[in-house]
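Just data25.cif here, mmCIF, C-alpha atoms:
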data_upload
#
loop_
_atom_site.label_atom_id
_atom_site.label_comp_id
_atom_site.auth_asym_id
_atom_site.auth_seq_id
_atom_site.Cartn_x
_atom_site.Cartn_y
_atom_site.Cartn_z
CA MET I 1 2.85 4.28 -4.82
CA CYS I 2 5.26 5.13 -2.02
CA GLY I 3 4.29 4.05 1.47
CA ARG I 4 7.73 3.52 3.01
CA TYR I 5 11.14 5.01 2.43
CA ALA I 6 14.55 5.41 4.01
CA THR I 7 16.50 8.55 4.82
CA THR I 8 19.73 9.35 6.62
CA THR I 9 19.53 13.06 5.87
CA ASN I 10 20.76 15.42 8.55
CA PRO I 11 18.60 18.59 8.36
CA GLY I 12 21.55 20.89 9.03
CA ARG I 13 23.64 19.23 6.34
CA LEU I 14 20.69 19.26 3.93
CA ALA I 15 20.22 22.99 4.48
CA ALA I 16 23.94 23.60 3.95
CA ASP I 17 23.99 21.50 0.77
CA LEU I 18 21.08 23.48 -0.67
CA ASP I 19 22.02 26.89 0.73
CA ALA I 20 18.66 26.79 2.49
CA VAL I 21 17.35 28.02 5.82
CA ASP I 22 17.03 25.24 8.40
CA GLU I 23 13.64 25.77 10.03
CA THR I 24 13.39 22.34 11.66
CA GLY I 25 14.53 23.50 15.08
CA ASP I 26 16.60 20.31 15.33
CA GLU I 27 19.79 20.35 17.37
CA PRO I 28 22.55 20.92 16.56
CA ALA I 29 21.60 23.56 14.04
CA THR I 30 25.01 24.21 12.51
CA ALA I 31 27.50 21.71 13.96
CA PHE I 32 26.33 18.64 12.10
CA ALA I 33 25.89 15.52 14.17
CA ASP I 34 26.58 12.09 12.74
CA ASN I 35 23.93 11.23 10.17
CA ALA I 36 23.22 8.10 12.20
CA ASP I 37 21.47 10.39 14.68
CA TYR I 38 18.90 11.19 12.00
CA ALA I 39 18.69 7.90 10.11
CA ASP I 40 15.25 6.39 9.65
CA TYR I 41 15.28 3.23 7.56
CA ASN I 42 11.54 2.63 7.73
CA VAL I 43 9.76 5.94 7.33
CA ALA I 44 6.00 5.38 7.45
CA PRO I 45 2.99 7.69 7.02
CA THR I 46 2.22 10.05 9.94
CA THR I 47 5.97 10.35 10.65
CA ARG I 48 7.34 13.90 10.72
CA VAL I 49 9.61 14.07 7.70
CA LEU I 50 12.02 16.54 6.13
CA THR I 51 10.80 18.64 3.22
CA VAL I 52 12.23 21.47 1.13
CA VAL I 53 10.02 24.45 0.27
CA GLU I 54 10.60 27.91 -1.21
CA ARG I 55 8.90 30.78 0.60
CA HIS I 56 9.16 34.52 1.09
CA ASP I 57 10.30 35.90 4.43
CA HIS I 58 7.28 37.02 6.49
CA GLU I 59 9.11 40.16 7.62
CA HIS I 60 10.39 40.97 4.13
CA PRO I 61 7.72 39.69 1.72
CA ASP I 62 9.14 41.67 -1.21
CA ASP I 63 12.48 39.87 -1.02
CA ASP I 64 13.17 36.92 -3.29
CA PRO I 65 11.91 33.62 -1.85
CA ARG I 66 14.45 31.27 -0.27
CA LEU I 67 14.73 27.53 0.07
CA ARG I 68 13.75 26.34 3.53
CA VAL I 69 14.05 22.94 5.20
CA ARG I 70 11.00 22.07 7.29
CA ARG I 71 9.56 19.08 9.10
CA MET I 72 6.01 18.09 8.23
CA ARG I 73 3.65 15.26 8.99
CA TRP I 74 3.66 12.74 6.15
CA GLY I 75 -0.01 12.50 5.22
CA LEU I 76 -1.54 15.70 3.91
CA ILE I 77 -4.37 17.24 5.92
CA PRO I 78 -6.49 19.58 3.77
CA SER I 79 -6.95 23.03 5.28
CA TRP I 80 -10.73 22.56 5.37
CA THR I 81 -10.56 19.46 7.59
CA LYS I 82 -12.69 19.82 10.73
CA ALA I 83 -11.25 19.49 14.22
CA ALA I 84 -11.92 16.32 16.21
CA GLU I 85 -10.98 18.11 19.42
CA PRO I 86 -9.31 21.46 20.10
CA GLY I 87 -6.15 21.69 18.01
CA VAL I 88 -6.47 18.14 16.61
CA PRO I 89 -7.73 17.46 13.05
CA ALA I 90 -10.35 14.80 12.47
CA LYS I 91 -9.01 11.52 11.15
CA GLY I 92 -9.60 10.78 7.51
CA LYS I 93 -8.13 8.85 4.64
CA PRO I 94 -4.32 8.95 4.98
CA LEU I 95 -3.30 11.18 2.05
CA PHE I 96 0.37 10.19 2.00
CA ASN I 97 0.37 9.80 -1.81
CA ALA I 98 -1.30 11.82 -4.55
CA ARG I 99 -1.53 10.97 -8.24
CA ALA I 100 0.45 13.62 -10.10
CA ASP I 101 -2.01 13.65 -13.00
CA ARG I 102 -4.96 14.48 -10.75
CA VAL I 103 -3.69 16.96 -8.15
CA VAL I 104 -4.64 20.07 -10.13
CA SER I 105 -8.33 19.15 -9.97
CA ALA I 106 -8.64 16.93 -6.87
CA PRO I 107 -10.36 18.87 -4.02
CA SER I 108 -7.89 17.60 -1.40
CA PHE I 109 -4.83 18.72 -3.38
CA ARG I 110 -5.67 21.46 -5.86
CA ASP I 111 -4.98 24.38 -3.51
CA SER I 112 -1.60 22.92 -2.57
CA ALA I 113 -0.83 22.19 -6.23
CA ARG I 114 -1.30 25.88 -6.99
CA ARG I 115 0.60 27.39 -4.09
CA ARG I 116 2.36 24.86 -1.88
CA ARG I 117 4.70 22.44 -3.62
CA CYS I 118 7.72 20.85 -2.01
CA LEU I 119 10.51 18.31 -2.36
CA VAL I 120 10.80 15.25 -0.14
CA PRO I 121 14.44 14.11 0.17
CA MET I 122 15.13 10.42 0.65
CA ASP I 123 17.86 7.82 0.20
CA GLY I 124 15.48 5.36 -1.45
CA TRP I 125 12.00 3.87 -1.25
CA TYR I 126 10.41 0.45 -0.88
CA GLU I 127 7.89 -1.37 -3.02
CA TRP I 128 6.52 -4.89 -2.80
CA LEU I 129 6.47 -7.38 -5.66
CA VAL I 130 3.50 -9.71 -5.28
CA GLU I 131 4.16 -13.23 -6.57
CA PRO I 132 1.94 -16.34 -6.48
CA ALA I 133 2.54 -18.82 -3.66
CA PRO I 134 5.39 -21.23 -4.59
CA THR I 135 3.09 -24.25 -4.39
CA GLY I 136 0.26 -22.59 -6.24
CA LYS I 137 -1.82 -22.62 -3.06
CA GLY I 138 -1.98 -20.40 -0.03
CA LYS I 139 -1.13 -16.73 0.29
CA ALA I 140 0.80 -14.82 -2.35
CA VAL I 141 4.39 -13.91 -1.53
CA LYS I 142 5.14 -10.20 -1.09
CA GLN I 143 8.84 -9.54 -1.66
CA PRO I 144 10.03 -6.04 -0.66
CA PHE I 145 12.42 -4.22 -2.98
CA TYR I 146 14.50 -1.14 -2.24
CA MET I 147 14.94 1.46 -5.01
CA ALA I 148 17.78 3.98 -4.85
CA HIS I 149 20.47 5.69 -6.92
CA ALA I 150 23.29 3.26 -7.69
CA ASP I 151 25.82 5.73 -6.28
CA GLY I 152 23.85 6.29 -3.09
CA SER I 153 23.15 9.96 -3.83
CA ARG I 154 20.08 11.64 -2.42
CA LEU I 155 16.74 11.51 -4.23
CA TYR I 156 14.28 14.39 -4.27
CA MET I 157 10.63 13.52 -4.87
CA ALA I 158 7.87 15.94 -5.82
CA GLY I 159 5.43 16.68 -3.04
CA LEU I 160 2.65 18.99 -1.95
CA TRP I 161 2.08 20.50 1.48
CA SER I 162 -0.67 22.13 3.45
CA VAL I 163 -1.19 24.11 6.63
CA TRP I 164 -4.06 23.13 8.92
CA ARG I 165 -5.38 25.43 11.64
CA ASP I 166 -8.16 24.92 14.13
CA ARG I 167 -10.17 28.08 13.52
CA ASP I 168 -12.05 27.58 16.78
CA THR I 169 -8.81 27.35 18.78
CA PRO I 170 -6.69 30.27 17.56
CA ASP I 171 -3.96 29.60 20.13
CA ALA I 172 -3.33 26.08 18.80
CA PRO I 173 -0.19 25.83 16.67
CA PRO I 174 -0.67 25.23 12.94
CA LEU I 175 0.02 21.75 11.61
CA MET I 176 2.06 21.39 8.41
CA SER I 177 1.63 18.17 6.46
CA CYS I 178 2.73 16.83 3.09
CA THR I 179 2.11 14.17 0.47
CA ILE I 180 4.40 12.53 -2.09
CA LEU I 181 3.30 12.61 -5.71
CA THR I 182 3.23 9.35 -7.63
CA THR I 183 3.23 8.53 -11.32
CA ASP I 184 3.30 5.52 -13.61
CA ALA I 185 6.41 3.43 -13.02
CA ILE I 186 8.66 3.10 -16.04
CA GLY I 187 11.48 0.82 -17.15
CA ASP I 188 12.48 -2.06 -14.91
CA LEU I 189 10.79 -0.37 -11.94
CA ALA I 190 7.43 -1.14 -13.53
CA ARG I 191 8.14 -4.85 -13.12
CA ILE I 192 7.95 -4.43 -9.35
CA HIS I 193 5.01 -2.04 -9.00
CA ASP I 194 2.90 -0.03 -11.43
CA ARG I 195 3.38 3.23 -9.49
CA MET I 196 6.44 5.12 -8.27
CA PRO I 197 7.18 8.44 -6.58
CA LEU I 198 7.72 11.31 -9.01
CA PRO I 199 11.39 12.40 -9.05
CA MET I 200 12.03 16.10 -9.48
CA PRO I 201 15.32 16.86 -11.28
CA ARG I 202 17.40 19.78 -10.04
CA GLU I 203 16.91 21.77 -13.24
CA HIS I 204 13.16 21.93 -12.54
CA TRP I 205 13.33 22.99 -8.89
CA ASP I 206 12.91 26.71 -9.55
CA ALA I 207 9.69 26.16 -11.46
CA TRP I 208 8.38 23.44 -9.16
CA LEU I 209 8.96 25.29 -5.89
CA ASP I 210 8.06 28.80 -7.11
CA PRO I 211 5.50 30.05 -4.52
CA ASP I 212 4.24 32.83 -6.80
CA HIS I 213 3.25 30.82 -9.89
CA PRO I 214 1.61 27.48 -10.70
CA ALA I 215 3.94 24.71 -11.75
CA PRO I 216 4.24 24.06 -15.50
CA ALA I 217 1.85 21.28 -16.46
CA ASP I 218 4.62 19.21 -18.01
CA LEU I 219 6.21 18.68 -14.59
CA LEU I 220 3.18 16.57 -13.65
CA THR I 221 3.16 14.30 -16.70
CA GLY I 222 5.48 11.63 -15.26
CA ALA I 223 9.09 10.55 -15.03
CA SER I 224 11.38 10.30 -18.03
CA PRO I 225 13.75 7.37 -18.69
CA ALA I 226 16.71 9.67 -18.04
CA GLU I 227 15.40 10.44 -14.55
CA VAL I 228 15.29 6.79 -13.50
CA GLU I 229 18.17 5.26 -15.43
CA SER I 230 20.51 5.54 -12.43
CA ILE I 231 17.96 4.02 -10.01
CA VAL I 232 18.49 0.35 -9.20
CA ALA I 233 16.33 -2.03 -7.22
CA ARG I 234 17.27 -4.93 -5.01
CA PRO I 235 15.21 -7.38 -2.97
CA VAL I 236 15.58 -6.80 0.75
CA SER I 237 14.55 -8.50 3.96
CA THR I 238 10.89 -8.75 4.92
CA LEU I 239 11.92 -7.05 8.18
CA VAL I 240 10.77 -3.84 6.51
CA ASN I 241 7.19 -5.13 6.59
CA ASN I 242 7.01 -4.25 10.29
CA VAL I 243 7.32 -0.52 11.03
CA ARG I 244 8.84 -1.33 14.41
CA ASN I 245 11.96 -2.62 12.62
CA ASN I 246 14.31 0.25 11.88
CA GLY I 247 17.99 -0.19 11.14
CA PRO I 248 20.54 -0.49 8.30
CA GLU I 249 19.88 -4.23 8.12
CA LEU I 250 16.63 -3.37 6.32
CA LEU I 251 18.70 -2.31 3.29
CA ALA I 252 20.79 -5.48 3.11
CA PRO I 253 20.09 -7.73 0.10
CA ALA I 254 17.60 -10.45 0.96
CA ALA I 255 19.10 -13.87 1.65
CA GLY I 256 19.05 -16.03 -1.46
CA ALA I 257 17.88 -13.14 -3.60
CA ALA I 258 20.45 -13.49 -6.36
CA GLY I 259 18.02 -15.48 -8.49
CA ALA I 260 15.34 -12.85 -8.14
CA GLU I 261 17.77 -10.11 -9.16
CA GLY I 262 18.86 -12.04 -12.21
CA GLN I 263 15.28 -12.84 -13.17
CA LEU I 264 14.17 -9.22 -12.99
CA GLY I 265 17.38 -7.86 -14.52
CA LEU I 266 17.38 -4.99 -12.04
CA LEU I 267 20.99 -5.00 -10.90
#

Give the structure from the file, written as structure tokens.
Amino acid sequence: MCGRYATTTNPGRLAADLDAVDETGDEPATAFADNADYADYNVAPTTRVLTVVERHDHEHPDDDPRLRVRRMRWGLIPSWTKAAEPGVPAKGKPLFNARADRVVSAPSFRDSARRRRCLVPMDGWYEWLVEPAPTGKGKAVKQPFYMAHADGSRLYMAGLWSVWRDRDTPDAPPLMSCTILTTDAIGDLARIHDRMPLPMPREHWDAWLDPDHPAPADLLTGASPAEVESIVARPVSTLVNNVRNNGPELLAPAAGAAGAEGQLGLL
């Protein structure tokens, strides 16, 4: 699964890198601020996160679709969700992850799987390795690990998105939300957690983001060894366990973690 991740992506820079339209409304739009202004080292569900979609222009629907960078709430809200109060969706199960092998048929995700697929850019994500208590008694130890490309390059994970509108309050703005797809972890990553976010390689973006056709079924079957071979994992501080902690120190190797790295063979 993926319940926390880190990103230092500047939306303007992301849009420029992808030749996409920046629809985030963030400032500055073209003169890129320092990425530190946008860094979030402990992204948690319900946060508004950056996504990449491909859509037609409303004013020119016959034109080819373009990549667009948008902010969305992390935690998909199905379009049929009822309103708790005017303009506010009722609370439900936080759908921040979706199993890739089930989205085509799952009621909460199948409409998005057909028509609204996205990419979620990130620097890396966190998972927790649960180990027995050192003394054999007491609570198990949960050691957080950070997974990222060895060269620090950006990751793009497969996601779905939805648009929720309060039909009884037509003046209320629509709410866009997203979920990150997960799949079986493979390789050394499976020694930390049995699930992982589904990476989407660049060569599959056209098919994955195509708003006019369903995604090929083979894009939902899981990650390949080639897609994760450059991803490394390292144990990090338990500071990440608290969402109020948010800084680069969360990515520093955990004190005394060399033994754990050697044992898992992850670095």

> the PyMOL selection byres ((chain I and resi 228) around 9) on the file shown: which residues, as a count of residues only?
Replying inline: 14

> Taking into account only C-alpha atoms, which residue in the set I:Ile77, I:Ala20, I:Val103, I:Ala148 is nearest to Thr7 in chain I?
Replying inline: I:Ala148

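Note on the selection: in this file the PyMOL selection byres ((chain I and resi 50-59) around 8) comes out as Pro11, Arg48, Val49, His60, Pro61, Asp62, Asp63, Asp64, Pro65, Arg66, Leu67, Arg68, Val69, Arg70, Arg71, Met72, Arg116, Arg117, Cys118, Leu119, Val120, Pro121, Leu209, Asp210 and Pro211 of chain I.
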
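Using all atoms listed in the file, the smallest distance between any of I:Asp194, I:Asp171, I:Asp151, I:Glu249 and Glu127 in chain I comes from I:Asp194.
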
> How many Å separate CA of Lys139 in chain I from CA of Pro235 in chain I?
Replying inline: 19.1 Å

>> What would the selection look like, as a ChimeraX atom specification, if the PyMOL selection byres ((chain I and resi 85) around 12) were run on the coordinates I just shared?
In response: /I:81-84,86-91,166-169,172

>> So the first atom is CA of Gly12 in chain I and the second is CA of Trp74 in chain I; what is the distance between them in Å, to one decimal place?
In response: 19.9 Å

>> Which polymer residues, whether protein, DNA or RNA, lie within 7 Å of the coordinate (8.1, 3.2, 0.7) when you count all atoms listed in the file? List them as a PyMOL selection string, using the chain letters and numbers from the file.
In response: chain I and resi 2-5+125-127

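Of note, CA of Arg114 in chain I and CA of Pro214 in chain I are spaced 5.0 Å apart.
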
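Restricting the calculation to all atoms listed in the file, the smallest distance between Thr9 in chain I and any of I:Val236, I:Ala44, I:Met122, I:Leu181 is found for I:Met122.
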
> With only C-alpha atoms as the basis for distance, which of I:Ala190, I:Val240, I:Ala233, I:Leu219 is at the shortest distance from Val104 in chain I?
Replying inline: I:Leu219

Would you mind putting N, CA and C atoms back on range 240-259 of chain I and writing the result as a PDB file, in the frame of the given file?
ATOM      1  N   VAL I 240      11.346  -5.148   6.771  1.00  0.00           N
ATOM      2  CA  VAL I 240      10.770  -3.840   6.510  1.00  0.00           C
ATOM      3  C   VAL I 240       9.249  -3.859   6.599  1.00  0.00           C
ATOM      4  N   ASN I 241       8.656  -5.038   6.530  1.00  0.00           N
ATOM      5  CA  ASN I 241       7.190  -5.130   6.590  1.00  0.00           C
ATOM      6  C   ASN I 241       6.641  -4.634   7.915  1.00  0.00           C
ATOM      7  N   ASN I 242       7.442  -4.675   8.961  1.00  0.00           N
ATOM      8  CA  ASN I 242       7.010  -4.250  10.290  1.00  0.00           C
ATOM      9  C   ASN I 242       7.633  -2.888  10.596  1.00  0.00           C
ATOM     10  N   VAL I 243       6.802  -1.870  10.811  1.00  0.00           N
ATOM     11  CA  VAL I 243       7.320  -0.520  11.030  1.00  0.00           C
ATOM     12  C   VAL I 243       8.146  -0.399  12.293  1.00  0.00           C
ATOM     13  N   ARG I 244       8.035  -1.382  13.194  1.00  0.00           N
ATOM     14  CA  ARG I 244       8.840  -1.330  14.410  1.00  0.00           C
ATOM     15  C   ARG I 244      10.305  -1.667  14.136  1.00  0.00           C
ATOM     16  N   ASN I 245      10.581  -2.313  13.001  1.00  0.00           N
ATOM     17  CA  ASN I 245      11.960  -2.620  12.620  1.00  0.00           C
ATOM     18  C   ASN I 245      12.559  -1.396  11.946  1.00  0.00           C
ATOM     19  N   ASN I 246      13.722  -0.979  12.416  1.00  0.00           N
ATOM     20  CA  ASN I 246      14.310   0.250  11.880  1.00  0.00           C
ATOM     21  C   ASN I 246      15.816   0.228  12.099  1.00  0.00           C
ATOM     22  N   GLY I 247      16.549  -0.151  11.060  1.00  0.00           N
ATOM     23  CA  GLY I 247      17.990  -0.190  11.140  1.00  0.00           C
ATOM     24  C   GLY I 247      18.588  -0.461   9.775  1.00  0.00           C
ATOM     25  N   PRO I 248      19.903  -0.307   9.611  1.00  0.00           N
ATOM     26  CA  PRO I 248      20.540  -0.490   8.300  1.00  0.00           C
ATOM     27  C   PRO I 248      20.372  -1.890   7.738  1.00  0.00           C
ATOM     28  N   GLU I 249      20.071  -2.859   8.617  1.00  0.00           N
ATOM     29  CA  GLU I 249      19.880  -4.230   8.120  1.00  0.00           C
ATOM     30  C   GLU I 249      18.679  -4.322   7.177  1.00  0.00           C
ATOM     31  N   LEU I 250      17.782  -3.347   7.219  1.00  0.00           N
ATOM     32  CA  LEU I 250      16.630  -3.370   6.320  1.00  0.00           C
ATOM     33  C   LEU I 250      17.059  -3.177   4.859  1.00  0.00           C
ATOM     34  N   LEU I 251      18.227  -2.583   4.642  1.00  0.00           N
ATOM     35  CA  LEU I 251      18.700  -2.310   3.290  1.00  0.00           C
ATOM     36  C   LEU I 251      19.584  -3.416   2.739  1.00  0.00           C
ATOM     37  N   ALA I 252      19.928  -4.393   3.564  1.00  0.00           N
ATOM     38  CA  ALA I 252      20.790  -5.480   3.110  1.00  0.00           C
ATOM     39  C   ALA I 252      20.053  -6.349   2.107  1.00  0.00           C
ATOM     40  N   PRO I 253      20.758  -6.846   1.067  1.00  0.00           N
ATOM     41  CA  PRO I 253      20.090  -7.730   0.100  1.00  0.00           C
ATOM     42  C   PRO I 253      19.476  -8.926   0.793  1.00  0.00           C
ATOM     43  N   ALA I 254      18.295  -9.320   0.353  1.00  0.00           N
ATOM     44  CA  ALA I 254      17.600 -10.450   0.960  1.00  0.00           C
ATOM     45  C   ALA I 254      18.406 -11.721   0.757  1.00  0.00           C
ATOM     46  N   ALA I 255      18.388 -12.590   1.742  1.00  0.00           N
ATOM     47  CA  ALA I 255      19.100 -13.870   1.650  1.00  0.00           C
ATOM     48  C   ALA I 255      18.539 -14.676   0.489  1.00  0.00           C
ATOM     49  N   GLY I 256      19.461 -15.206  -0.329  1.00  0.00           N
ATOM     50  CA  GLY I 256      19.050 -16.030  -1.460  1.00  0.00           C
ATOM     51  C   GLY I 256      18.339 -15.267  -2.546  1.00  0.00           C
ATOM     52  N   ALA I 257      18.618 -13.963  -2.640  1.00  0.00           N
ATOM     53  CA  ALA I 257      17.880 -13.140  -3.600  1.00  0.00           C
ATOM     54  C   ALA I 257      18.566 -13.036  -4.956  1.00  0.00           C
ATOM     55  N   ALA I 258      19.728 -13.647  -5.114  1.00  0.00           N
ATOM     56  CA  ALA I 258      20.450 -13.490  -6.360  1.00  0.00           C
ATOM     57  C   ALA I 258      19.623 -13.919  -7.560  1.00  0.00           C
ATOM     58  N   GLY I 259      18.863 -15.019  -7.385  1.00  0.00           N
ATOM     59  CA  GLY I 259      18.020 -15.480  -8.490  1.00  0.00           C
ATOM     60  C   GLY I 259      16.971 -14.484  -8.864  1.00  0.00           C
TER      61      GLY I 259
END
